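Trainee: If it helps, the file is called work_23.cif and holds mmCIF, C-alpha atoms:
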```
data_input
loop_
_atom_site.label_atom_id
_atom_site.label_comp_id
_atom_site.auth_asym_id
_atom_site.auth_seq_id
_atom_site.Cartn_x
_atom_site.Cartn_y
_atom_site.Cartn_z
CA MET P 28 150.44 140.90 -3.55
CA ALA P 29 149.50 141.72 0.03
CA THR P 30 149.93 145.32 1.05
CA GLU P 31 152.12 146.06 4.06
CA GLN P 32 150.23 147.36 7.10
CA LEU P 33 151.74 150.57 8.44
CA PRO P 34 152.05 150.73 12.24
CA VAL P 35 149.52 153.00 13.95
CA SER P 36 151.04 155.41 16.46
CA ARG P 37 149.92 155.29 20.09
CA SER P 38 148.69 158.92 19.94
CA LYS P 39 146.51 158.14 16.93
CA ARG P 40 145.05 155.10 18.69
CA LEU P 41 144.20 157.27 21.71
CA LEU P 42 142.53 159.92 19.55
CA ASP P 43 140.50 157.28 17.72
CA ARG P 44 138.93 155.92 20.91
CA PRO P 45 135.19 156.58 21.29
CA LEU P 46 135.55 158.38 24.66
CA THR P 47 138.46 160.62 23.67
CA SER P 48 136.27 163.69 23.24
CA TYR P 49 134.57 163.06 26.58
CA TYR P 50 137.79 162.92 28.56
CA LEU P 51 139.39 165.82 26.71
CA VAL P 52 136.41 168.05 27.53
CA LEU P 53 136.24 166.85 31.12
CA GLY P 54 139.97 167.11 31.76
CA ALA P 55 140.52 170.52 30.17
CA GLY P 56 137.35 171.92 31.74
CA LEU P 57 138.12 170.76 35.28
CA LEU P 58 141.70 172.01 35.07
CA LEU P 59 140.55 175.44 33.88
CA ILE P 60 137.97 175.65 36.69
CA ALA P 61 140.55 174.65 39.31
CA LEU P 62 143.07 177.13 37.90
CA GLY P 63 140.38 179.81 37.90
CA LEU P 64 139.58 179.29 41.58
CA MET P 65 143.25 179.45 42.51
CA MET P 66 143.93 182.59 40.44
CA VAL P 67 140.73 184.36 41.55
CA PHE P 68 141.89 183.98 45.15
CA SER P 69 145.37 185.24 44.33
CA ALA P 70 144.23 188.11 42.10
CA SER P 71 141.47 189.33 44.46
CA LEU P 72 143.53 189.53 47.67
CA TYR P 73 143.98 193.31 47.61
CA TRP P 74 140.50 194.18 46.34
CA ALA P 75 138.74 191.85 48.79
CA GLN P 76 140.73 193.12 51.78
CA GLU P 77 140.31 196.76 50.79
CA TYR P 78 136.56 196.70 50.14
CA THR P 79 135.22 193.82 52.24
CA GLY P 80 137.74 193.51 55.08
CA SER P 81 138.60 189.87 54.31
CA ILE P 82 140.92 188.35 51.72
CA TRP P 83 138.57 185.36 51.39
CA THR P 84 135.39 187.15 50.30
CA ILE P 85 135.79 186.95 46.52
CA PHE P 86 137.21 183.44 46.55
CA VAL P 87 134.37 182.12 48.74
CA ARG P 88 131.77 183.65 46.41
CA GLN P 89 133.44 182.12 43.36
CA ALA P 90 133.74 178.76 45.10
CA GLN P 91 130.03 178.85 45.93
CA TRP P 92 129.18 179.56 42.29
CA ALA P 93 131.50 176.73 41.27
CA VAL P 94 129.61 174.29 43.52
CA VAL P 95 126.31 175.34 41.93
CA GLY P 96 128.00 175.11 38.55
CA PHE P 97 129.10 171.53 39.22
CA VAL P 98 125.50 170.58 39.94
CA GLY P 99 124.40 172.20 36.67
CA MET P 100 127.26 170.54 34.83
CA ALA P 101 126.31 167.11 36.21
CA VAL P 102 122.67 167.59 35.22
CA ALA P 103 123.65 168.80 31.75
CA ALA P 104 126.02 165.85 31.28
CA HIS P 105 123.19 163.39 32.01
CA LEU P 106 120.56 165.00 29.79
CA PRO P 107 120.13 163.53 26.30
CA PRO P 108 120.30 165.89 23.30
CA GLN P 109 116.52 165.62 22.86
CA ALA P 110 116.02 167.27 26.25
CA TYR P 111 117.88 170.38 25.13
CA ARG P 112 115.66 170.66 22.10
CA ALA P 113 112.61 170.53 24.37
CA PHE P 114 113.98 173.50 26.34
CA ALA P 115 114.98 175.53 23.27
CA TYR P 116 111.94 177.79 23.03
CA PRO P 117 111.25 178.14 26.79
CA GLY P 118 114.92 178.99 27.31
CA LEU P 119 114.82 181.61 24.59
CA LEU P 120 111.68 183.15 26.08
CA VAL P 121 113.24 183.35 29.56
CA ALA P 122 116.38 184.96 28.11
CA LEU P 123 114.32 187.55 26.22
CA VAL P 124 112.27 188.43 29.32
CA LEU P 125 115.36 188.80 31.52
CA LEU P 126 117.11 190.90 28.88
CA ALA P 127 114.03 193.12 28.51
CA LEU P 128 114.13 193.86 32.25
CA VAL P 129 117.75 195.04 32.17
CA PRO P 130 117.19 198.45 30.49
CA ILE P 131 114.23 199.06 32.83
CA VAL P 132 115.41 197.93 36.27
CA GLY P 133 118.99 196.85 35.56
CA GLU P 134 121.94 197.96 37.66
CA ASP P 135 124.64 200.13 36.11
CA ILE P 136 128.19 199.08 36.97
CA LYS P 137 131.14 201.01 35.52
CA GLY P 138 129.21 202.33 32.55
CA ASN P 139 127.46 199.08 31.56
CA GLN P 140 123.85 198.35 32.52
CA ASN P 141 123.86 194.57 32.29
CA TRP P 142 122.95 193.27 35.72
CA LEU P 143 119.73 192.49 37.57
CA ASN P 144 120.10 192.95 41.33
CA LEU P 145 118.24 190.09 43.01
CA GLY P 146 119.26 191.05 46.53
CA ALA P 147 121.50 188.16 47.56
CA PHE P 148 123.33 188.19 44.21
CA ARG P 149 123.48 189.87 40.82
CA LEU P 150 122.43 188.10 37.62
CA GLN P 151 123.80 188.94 34.17
CA PRO P 152 121.11 187.85 31.66
CA SER P 153 123.38 188.39 28.65
CA GLU P 154 125.46 185.38 29.74
CA PHE P 155 122.38 183.15 29.61
CA ALA P 156 121.40 184.71 26.27
CA LYS P 157 124.51 183.21 24.68
CA LEU P 158 123.47 179.70 25.67
CA ALA P 159 119.83 180.33 24.74
CA LEU P 160 120.80 181.51 21.25
CA ILE P 161 122.94 178.42 20.68
CA VAL P 162 120.32 175.89 21.76
CA TRP P 163 117.40 177.63 20.04
CA GLY P 164 119.39 178.33 16.87
CA ALA P 165 120.60 174.73 16.65
CA ASP P 166 117.06 173.42 17.11
CA LEU P 167 115.62 175.86 14.56
CA LEU P 168 118.20 175.08 11.88
CA THR P 169 117.78 171.35 12.48
CA ARG P 170 114.03 171.58 12.01
CA LYS P 171 114.47 173.57 8.78
CA ARG P 172 117.45 171.63 7.41
CA LYS P 173 115.60 170.63 4.21
CA LEU P 174 114.75 174.26 3.46
CA LEU P 175 118.11 175.86 4.20
CA ASN P 176 119.03 176.12 0.53
CA GLN P 177 116.62 179.08 0.46
CA TRP P 178 117.98 182.28 1.97
CA LYS P 179 114.70 183.30 3.56
CA HIS P 180 114.58 180.07 5.56
CA LEU P 181 118.28 180.28 6.38
CA LEU P 182 118.10 183.82 7.78
CA VAL P 183 114.52 184.09 9.08
CA PRO P 184 113.75 183.95 11.95
CA LEU P 185 117.32 183.22 13.10
CA VAL P 186 118.84 186.64 12.33
CA PRO P 187 115.87 188.75 13.55
CA VAL P 188 115.68 186.84 16.86
CA ALA P 189 119.45 187.14 17.33
CA ALA P 190 119.13 190.89 16.73
CA LEU P 191 116.31 190.99 19.28
CA LEU P 192 118.62 189.36 21.83
CA MET P 193 121.37 191.85 21.03
CA LEU P 194 119.19 194.96 21.30
CA PRO P 195 118.95 195.10 25.14
CA VAL P 196 122.68 194.32 25.35
CA VAL P 197 123.40 197.25 23.03
CA LEU P 198 121.15 199.48 25.15
CA GLY P 199 123.11 198.29 28.17
CA ARG P 200 126.33 199.47 26.46
CA ASP P 201 128.02 196.05 26.56
CA ALA P 202 129.81 195.96 23.21
CA GLY P 203 131.89 192.89 24.11
CA THR P 204 128.89 190.63 24.65
CA VAL P 205 127.34 191.87 21.40
CA VAL P 206 130.49 190.76 19.57
CA ILE P 207 130.22 187.28 21.10
CA LEU P 208 126.53 186.98 20.18
CA MET P 209 127.44 187.97 16.62
CA ALA P 210 130.20 185.36 16.60
CA ILE P 211 127.73 182.68 17.76
CA LEU P 212 125.30 183.66 15.00
CA LEU P 213 128.01 183.51 12.34
CA GLY P 214 129.26 180.21 13.75
CA LEU P 215 125.83 178.60 13.49
CA LEU P 216 125.47 179.79 9.90
CA TRP P 217 128.97 178.56 9.02
CA ILE P 218 128.34 175.10 10.46
CA THR P 219 125.03 174.96 8.60
CA GLY P 220 126.91 175.47 5.35
CA ALA P 221 125.72 178.95 4.43
CA PRO P 222 127.25 180.27 1.18
CA LEU P 223 130.36 182.42 1.47
CA ARG P 224 128.71 185.40 -0.23
CA LEU P 225 126.28 185.55 2.66
CA PHE P 226 129.16 186.02 5.10
CA ALA P 227 130.44 188.97 3.07
CA GLY P 228 127.16 190.80 3.60
CA LEU P 229 126.92 189.78 7.24
CA ALA P 230 130.54 190.79 7.82
CA ALA P 231 129.76 194.26 6.48
CA CYS P 232 126.75 194.53 8.80
CA VAL P 233 128.78 193.28 11.75
CA GLY P 234 131.57 195.72 10.96
CA ALA P 235 129.10 198.61 10.77
CA GLY P 236 127.53 197.53 14.05
CA ILE P 237 130.87 197.30 15.83
CA TRP P 238 131.88 200.71 14.47
CA TYR P 239 128.64 202.20 15.77
CA LEU P 240 129.19 200.64 19.19
CA VAL P 241 132.75 201.96 19.32
CA THR P 242 131.91 205.50 18.29
CA SER P 243 128.58 205.90 20.13
CA ALA P 244 130.08 206.08 23.63
CA GLN P 245 133.09 208.00 24.85
CA HIS P 246 134.50 205.23 27.05
CA ARG P 247 134.42 202.74 24.14
CA ALA P 248 136.02 205.27 21.81
CA GLU P 249 138.78 205.79 24.37
CA ARG P 250 139.27 202.02 24.61
CA PHE P 251 139.73 201.81 20.84
CA GLN P 252 142.17 204.72 20.82
CA THR P 253 144.01 203.07 23.70
CA PHE P 254 144.29 199.89 21.66
CA LEU P 255 146.10 201.91 18.95
CA ASP P 256 148.38 203.62 21.50
CA PRO P 257 147.89 202.72 25.18
CA PHE P 258 150.49 205.27 26.27
CA ALA P 259 148.51 208.13 24.74
CA ALA P 260 146.35 208.26 27.88
CA PRO P 261 148.41 206.44 30.54
CA ARG P 262 146.32 207.74 33.46
CA ARG P 263 142.89 207.21 31.90
CA ALA P 264 141.86 204.58 29.35
CA GLY P 265 145.41 203.33 28.91
CA TYR P 266 146.03 202.71 32.60
CA GLN P 267 144.65 199.18 32.73
CA PRO P 268 146.20 197.88 29.46
CA ILE P 269 149.58 199.35 30.41
CA HIS P 270 149.64 197.70 33.83
CA GLY P 271 148.42 194.46 32.26
CA LEU P 272 151.46 194.55 29.99
CA PHE P 273 153.67 195.35 32.99
CA ALA P 274 152.30 192.25 34.74
CA LEU P 275 152.88 190.02 31.72
CA GLY P 276 156.35 191.43 31.12
CA SER P 277 157.50 190.93 34.70
CA GLY P 278 156.55 187.26 34.87
CA GLY P 279 159.51 185.91 32.94
CA LEU P 280 159.63 182.23 32.10
CA PHE P 281 158.25 180.71 35.31
CA GLY P 282 156.64 183.74 36.99
CA GLN P 283 156.97 185.36 40.38
CA GLY P 284 155.04 182.59 42.13
CA ILE P 285 151.42 182.22 43.23
CA GLY P 286 150.45 185.25 45.32
CA ALA P 287 153.73 187.08 44.66
CA GLY P 288 152.53 189.31 41.80
CA ALA P 289 152.81 193.05 42.39
CA GLN P 290 150.39 194.59 39.88
CA LYS P 291 147.25 193.30 41.60
CA TRP P 292 148.06 195.33 44.72
CA GLY P 293 146.09 198.39 43.63
CA TYR P 294 147.81 198.93 40.27
CA LEU P 295 145.85 196.65 37.93
CA PRO P 296 142.07 197.28 37.86
CA GLU P 297 139.84 194.24 37.35
CA ALA P 298 142.71 191.91 38.21
CA HIS P 299 140.37 189.07 39.21
CA THR P 300 137.90 189.60 36.35
CA ASP P 301 138.77 190.87 32.86
CA PHE P 302 142.56 190.98 33.37
CA ILE P 303 143.12 187.75 35.28
CA PHE P 304 145.26 186.47 32.38
CA ALA P 305 147.76 189.26 33.16
CA VAL P 306 148.00 188.02 36.77
CA ILE P 307 148.55 184.48 35.46
CA GLY P 308 151.38 185.80 33.31
CA GLU P 309 152.98 187.61 36.23
CA GLU P 310 152.69 184.79 38.75
CA LEU P 311 153.03 181.71 36.54
CA GLY P 312 155.13 183.21 33.76
CA LEU P 313 155.26 182.27 30.10
CA VAL P 314 154.94 178.59 30.98
CA GLY P 315 151.70 179.27 32.85
CA THR P 316 150.15 181.33 30.08
CA LEU P 317 151.07 178.72 27.47
CA ALA P 318 149.52 176.03 29.66
CA VAL P 319 146.28 178.03 29.80
CA LEU P 320 146.31 178.43 26.02
CA ALA P 321 146.95 174.69 25.64
CA LEU P 322 143.93 173.87 27.83
CA PHE P 323 141.67 176.15 25.80
CA ALA P 324 143.07 174.71 22.57
CA THR P 325 142.33 171.20 23.87
CA LEU P 326 138.78 172.20 24.73
CA GLY P 327 138.32 173.81 21.30
CA TYR P 328 139.68 170.73 19.54
CA ALA P 329 137.38 168.45 21.55
CA GLY P 330 134.34 170.60 20.78
CA LEU P 331 135.06 170.56 17.06
CA ARG P 332 135.74 166.83 17.24
CA ILE P 333 132.32 166.24 18.78
CA ALA P 334 130.68 168.39 16.11
CA GLY P 335 132.53 166.55 13.34
CA ARG P 336 131.88 162.99 14.52
CA THR P 337 128.17 163.16 15.31
CA ARG P 338 125.38 162.11 12.96
CA ASP P 339 122.86 164.36 14.77
CA SER P 340 122.39 167.76 13.13
CA PHE P 341 121.31 169.40 16.40
CA VAL P 342 124.35 168.07 18.27
CA ARG P 343 126.66 169.25 15.50
CA LEU P 344 125.22 172.77 15.54
CA ALA P 345 125.01 173.04 19.33
CA ALA P 346 128.52 171.68 19.90
CA GLY P 347 129.88 173.98 17.20
CA GLY P 348 128.01 176.95 18.66
CA ILE P 349 129.33 176.31 22.17
CA THR P 350 132.87 175.93 20.85
CA THR P 351 132.55 179.14 18.84
CA TRP P 352 131.32 181.01 21.92
CA LEU P 353 134.04 179.78 24.30
CA MET P 354 136.89 180.16 21.82
CA ALA P 355 135.76 183.58 20.55
CA GLN P 356 135.45 184.92 24.10
CA THR P 357 138.85 183.48 25.01
CA VAL P 358 140.47 185.16 22.00
CA VAL P 359 138.79 188.51 22.69
CA ASN P 360 139.74 188.46 26.38
CA ILE P 361 143.35 187.37 25.95
CA GLY P 362 143.75 189.55 22.86
CA GLY P 363 142.72 192.59 24.90
CA VAL P 364 145.13 191.72 27.72
CA ILE P 365 148.16 191.24 25.46
CA GLY P 366 147.28 194.31 23.37
CA VAL P 367 146.44 192.79 19.98
CA LEU P 368 142.69 193.56 20.33
CA PRO P 369 140.76 196.37 22.02
CA VAL P 370 139.75 195.71 25.62
CA ALA P 371 136.15 194.45 25.47
CA GLY P 372 135.38 193.92 29.15
CA LEU P 373 134.72 190.18 28.76
CA PRO P 374 135.67 187.54 31.34
CA LEU P 375 138.01 184.68 30.53
CA PRO P 376 135.78 181.56 30.43
CA PHE P 377 136.05 179.31 33.52
CA VAL P 378 138.87 181.44 34.95
CA SER P 379 137.66 184.99 35.63
CA TYR P 380 135.53 185.89 38.63
CA GLY P 381 131.80 186.08 37.94
CA GLY P 382 128.90 183.84 38.90
CA SER P 383 126.70 184.19 35.82
CA ALA P 384 129.61 183.58 33.46
CA LEU P 385 130.88 180.58 35.41
CA LEU P 386 127.44 178.96 35.66
CA THR P 387 126.71 179.21 31.94
CA CYS P 388 130.20 178.05 30.95
CA MET P 389 130.00 175.02 33.24
CA PHE P 390 126.52 174.13 31.98
CA ALA P 391 127.85 174.40 28.41
CA LEU P 392 130.70 172.09 29.44
CA GLY P 393 128.12 169.59 30.67
CA MET P 394 126.33 169.83 27.33
CA LEU P 395 129.55 168.96 25.51
CA LEU P 396 130.00 165.99 27.84
CA SER P 397 126.46 164.85 27.03
CA PHE P 398 127.10 165.17 23.30
CA ALA P 399 130.43 163.33 23.61
CA LYS P 400 128.67 160.39 25.25
CA HIS P 401 126.54 160.05 22.14
CA GLU P 402 129.46 159.76 19.72
CA PRO P 403 129.69 156.49 17.76
CA GLY P 404 130.74 153.74 20.14
CA ALA P 405 130.74 155.95 23.24
CA GLN P 406 127.66 154.44 24.87
CA ALA P 407 129.05 150.92 24.52
CA ALA P 408 132.41 152.02 25.91
CA LEU P 409 130.75 153.65 28.92
CA ALA P 410 128.64 150.59 29.58
CA ALA P 411 131.73 148.37 29.43
CA ARG P 412 133.77 150.57 31.79
CA GLY P 413 131.10 151.24 34.36
CA LEU P 414 132.48 154.31 36.12
CA GLY P 415 135.11 154.83 33.42
CA LEU P 416 138.55 156.17 34.16
CA LEU P 417 137.39 158.75 36.71
CA PRO P 418 138.14 158.63 40.41
CA ARG P 419 135.17 157.87 42.65
CA THR P 420 134.85 161.51 43.72
CA LEU P 421 133.95 162.38 40.11
CA SER P 422 131.94 159.28 39.28
CA TRP P 423 128.68 161.26 39.24
CA LEU P 424 129.73 162.69 35.89
CA VAL P 425 129.46 159.28 34.25
CA PRO P 426 126.06 157.61 33.84
CA HIS P 427 125.62 154.40 35.79
CA ARG P 428 124.69 151.47 33.58
CA LYS P 429 122.93 148.52 35.12
CA LYS P 430 123.89 145.13 33.86
CA ARG P 431 121.14 143.24 32.13
#
```
Render the structure in this file as structure tokens.
Mentor:
Amino acid sequence: MATEQLPVSRSKRLLDRPLTSYYLVLGAGLLLIALGLMMVFSASLYWAQEYTGSIWTIFVRQAQWAVVGFVGMAVAAHLPPQAYRAFAYPGLLVALVLLALVPIVGEDIKGNQNWLNLGAFRLQPSEFAKLALIVWGADLLTRKRKLLNQWKHLLVPLVPVAALLMLPVVLGRDAGTVVILMAILLGLLWITGAPLRLFAGLAACVGAGIWYLVTSAQHRAERFQTFLDPFAAPRRAGYQPIHGLFALGSGGLFGQGIGAGAQKWGYLPEAHTDFIFAVIGEELGLVGTLAVLALFATLGYAGLRIAGRTRDSFVRLAAGGITTWLMAQTVVNIGGVIGVLPVAGLPLPFVSYGGSALLTCMFALGMLLSFAKHEPGAQAALAARGLGLLPRTLSWLVPHRKKR
């Protein structure tokens, strides 16, 4: 007796297409970048006018970084996965050298020594260290995949090198970035299939490290105490979290409108950087914040989809590492703004102001696009569509295939 064929829903058919991951990454990423540029301009109006004499200063700088980022994203999208493996060790070496310079000649900004002043601009090496750890770690674990059932090969040299990357960041007093580097390390081990008992030991070490970072500096201890009760020090450490909550609470369902938020006018510190999500909540309301969360959720789903569908171990690890990084940083940033996590001083990926962060995030987005193009059936689909579904202004993101 013939079995009855159940109808396949349209949404399932769309998700099963070979280029679904590609367009989800591209669409969510471009929307977040566009939203970021718009909100950086709105959130930086007061600060830019007060300290530079022009409301356009911060926006123009971010737009310039975005242009450079688009170039990097296009290059990354065209590179094959093998090219990233070739750059794994040189990239790690460059990251280590730049990080080693920070404690020596780095610039101290608001208690954190994380920047190298290069004259025309500042560079934050810890942002590039995240990407370097992902690419190098994915390459290393791929090379040793037949030996990973032995703990010594699973942990060495991955954990010592990750600790070496974290050391200058710890010396620079940037606890938030250390947490993200730890999350990347744990993510790589999880994707590799490390045994659960290993994570218990690593979790204890991570917890001890975070506790040391919190208690070893007064400003971090105050941040943690503020997380427990922000109104205990409303004029000191609690000032920013309190005004962030004021901004979120005053947005209502649809917000006050772009540019109409009040907290950014000298009340909310770091409105265009760490606390830009609070400005989004005030000016775009609950609907706007949920839309941002939906875009990040889409990007996270696409990254995991790429990692799950590939047959290449390096691509699986690198895509999973990038997704872990972006999602962990999003959770830590938004969690600090809404008061469910301590404020860590991390930017919201793609959205917050900051050149180093935007460049690395956009390059990582290009890597995901490259990996998505190597999913089963994706190359054939791209060849059949030519420029794909993109408008001509974005056609450079899709490889041109010559007909044979």
Trainee: For the structure shown, which residues end up in the PyMOL selection byres ((chain P and resi 51) around 12)? Put them as a ChimeraX atom specification, please?
Mentor: /P:41-42,44-50,52-58,321-333,392,395-396,399
Trainee: Could you tell me how far CA of Glu77 in chain P lies from CA of Trp292 in chain P, in Å and to one decimal?
Mentor: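 Between CA of Glu77 in chain P and CA of Trp292 in chain P the gap is 9.9 Å.
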Trainee: Mind pulling up the distance from CA of Ala202 in chain P to CA of Ala227 in chain P?
Mentor: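 Value for the CA of Ala227 in chain P-CA of Ala202 in chain P distance: 21.3 Å.
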Trainee: Which value, in Å to one decimal, gives the distance between CA of Arg149 in chain P and CA of Pro268 in chain P?
Mentor: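 Taking CA of Arg149 in chain P as the start and CA of Pro268 in chain P as the end point, the length is 26.6 Å.
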Trainee: Considering all atoms listed in the file, state which residue in the set P:Trp163, P:Phe97, P:Trp238, P:Phe155 is at the smallest distance from Ala115 in chain P.
Mentor: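 Checking each candidate against Ala115 in chain P, we get P:Trp163 as the closest.
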Trainee: Residues picked by the PyMOL selection byres ((chain P and resi 101) around 9) here, as a ChimeraX atom specification?
Mentor: /P:96-100,102-106,390,393,423-425
Trainee: On this structure, which residues satisfy the PyMOL selection byres ((chain P and resi 388) around 10), written as a PDB file with C-alpha atoms, in the frame of the given file?
Mentor:
```
ATOM      1  CA  GLY P  56     137.350 171.920  31.740  1.00  0.00           C
ATOM      2  CA  ILE P  60     137.970 175.650  36.690  1.00  0.00           C
ATOM      3  CA  GLY P  96     128.000 175.110  38.550  1.00  0.00           C
ATOM      4  CA  MET P 100     127.260 170.540  34.830  1.00  0.00           C
ATOM      5  CA  GLU P 154     125.460 185.380  29.740  1.00  0.00           C
ATOM      6  CA  PHE P 155     122.380 183.150  29.610  1.00  0.00           C
ATOM      7  CA  LYS P 157     124.510 183.210  24.680  1.00  0.00           C
ATOM      8  CA  LEU P 158     123.470 179.700  25.670  1.00  0.00           C
ATOM      9  CA  ILE P 349     129.330 176.310  22.170  1.00  0.00           C
ATOM     10  CA  TRP P 352     131.320 181.010  21.920  1.00  0.00           C
ATOM     11  CA  LEU P 353     134.040 179.780  24.300  1.00  0.00           C
ATOM     12  CA  PRO P 376     135.780 181.560  30.430  1.00  0.00           C
ATOM     13  CA  PHE P 377     136.050 179.310  33.520  1.00  0.00           C
ATOM     14  CA  GLY P 382     128.900 183.840  38.900  1.00  0.00           C
ATOM     15  CA  SER P 383     126.700 184.190  35.820  1.00  0.00           C
ATOM     16  CA  ALA P 384     129.610 183.580  33.460  1.00  0.00           C
ATOM     17  CA  LEU P 385     130.880 180.580  35.410  1.00  0.00           C
ATOM     18  CA  LEU P 386     127.440 178.960  35.660  1.00  0.00           C
ATOM     19  CA  THR P 387     126.710 179.210  31.940  1.00  0.00           C
ATOM     20  CA  MET P 389     130.000 175.020  33.240  1.00  0.00           C
ATOM     21  CA  PHE P 390     126.520 174.130  31.980  1.00  0.00           C
ATOM     22  CA  ALA P 391     127.850 174.400  28.410  1.00  0.00           C
ATOM     23  CA  LEU P 392     130.700 172.090  29.440  1.00  0.00           C
ATOM     24  CA  GLY P 393     128.120 169.590  30.670  1.00  0.00           C
ATOM     25  CA  MET P 394     126.330 169.830  27.330  1.00  0.00           C
TER      26      MET P 394
END
```
Trainee: If we count all atoms listed in the file, what is near Thr337 in chain P at a cut-off of 10 Å, once residues fewer than 4 positions away on the same chain are taken out, given as a PDB file with C-alpha atoms, in the frame of the given file?
Mentor:
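Heads up, here's the output in around22.pdb:
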```pdb
ATOM      1  CA  ARG P 332     135.740 166.830  17.240  1.00  0.00           C
ATOM      2  CA  ILE P 333     132.320 166.240  18.780  1.00  0.00           C
ATOM      3  CA  PHE P 341     121.310 169.400  16.400  1.00  0.00           C
ATOM      4  CA  VAL P 342     124.350 168.070  18.270  1.00  0.00           C
ATOM      5  CA  ARG P 343     126.660 169.250  15.500  1.00  0.00           C
ATOM      6  CA  ALA P 346     128.520 171.680  19.900  1.00  0.00           C
ATOM      7  CA  PHE P 398     127.100 165.170  23.300  1.00  0.00           C
ATOM      8  CA  ALA P 399     130.430 163.330  23.610  1.00  0.00           C
ATOM      9  CA  HIS P 401     126.540 160.050  22.140  1.00  0.00           C
ATOM     10  CA  GLU P 402     129.460 159.760  19.720  1.00  0.00           C
ATOM     11  CA  PRO P 403     129.690 156.490  17.760  1.00  0.00           C
TER      12      PRO P 403
END
```
Trainee: Which residues are near Trp217 in chain P? Cut-off 10 Å, only C-alpha atoms, ignore same chain within fewer than 6 positions. Put them as number ranges by chain.
Mentor: P: 211, 223, 225-226, 344, 347-348
Trainee: Taking the point (119.4, 188.9, 33.5) as given in the file, collect each protein or nucleic acid residue that comes within 6 Å of it, counting all atoms listed in the file, and present the set as number ranges by chain.
Mentor: P: 125-126, 143, 150-152
Trainee: Here is a test: counting all atoms listed in the file, which residue of P:Asn141, P:Thr79, P:Ser71, P:Ser153 is nearest to Val306 in chain P?
Mentor: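 Among P:Asn141, P:Thr79, P:Ser71, P:Ser153, it is P:Ser71 that comes nearest to Val306 in chain P.
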Trainee: Using only C-alpha atoms, find the one residue out of P:Leu182, P:Tyr73, P:Gly63, P:Leu215 that sits nearest to Ala93 in chain P.
Mentor: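 Among P:Leu182, P:Tyr73, P:Gly63, P:Leu215, it is P:Gly63 that comes nearest to Ala93 in chain P.
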Trainee: Here is a test: counting all atoms listed in the file, which residue of P:Ala147, P:Leu212, P:Val206, P:Ile131 is nearest to Ala235 in chain P?
Mentor: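 Checking each candidate against Ala235 in chain P, we get P:Val206 as the closest.
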Trainee: My list of candidates is P:Ala260, P:Ala230, P:Ala210, P:Leu167. Which is closest to His180 in chain P when distances are computed with all atoms listed in the file?
Mentor: P:Leu167
Trainee: Scan for residues within 10 Å of the point (123.4, 186.3, 19.7) in the coordinates of the file, using all atoms listed in the file, and reply as a ChimeraX atom specification.
Mentor: /P:153,156-161,164,185-186,188-194,196,204-213,352
Trainee: Skipping near chain neighbours, those fewer than 3 positions away, what residues fall within 10 Å of Gln283 in chain P using only C-alpha atoms, listed as a list in words?
Mentor: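 Final neighbour list, sorted by chain and number: Ser277, Gly278, Gly279, Leu280, Gly286, Ala287, Gly288, Ala289, Ile307, Gly308, Glu309, Glu310, Leu311 and Gly312 of chain P.
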Trainee: Nearest residue to Ala298 in chain P out of P:Leu375, P:Ala334, P:Leu216, P:Ala61, using all atoms listed in the file?
Mentor: P:Leu375
Trainee: Find the residues around Phe258 in chain P up to 8 Å (only C-alpha atoms counted), leave out those fewer than 5 positions away in its own chain, and share them as an MDAnalysis selection string.
Mentor: chainID P and resid 253 265 269
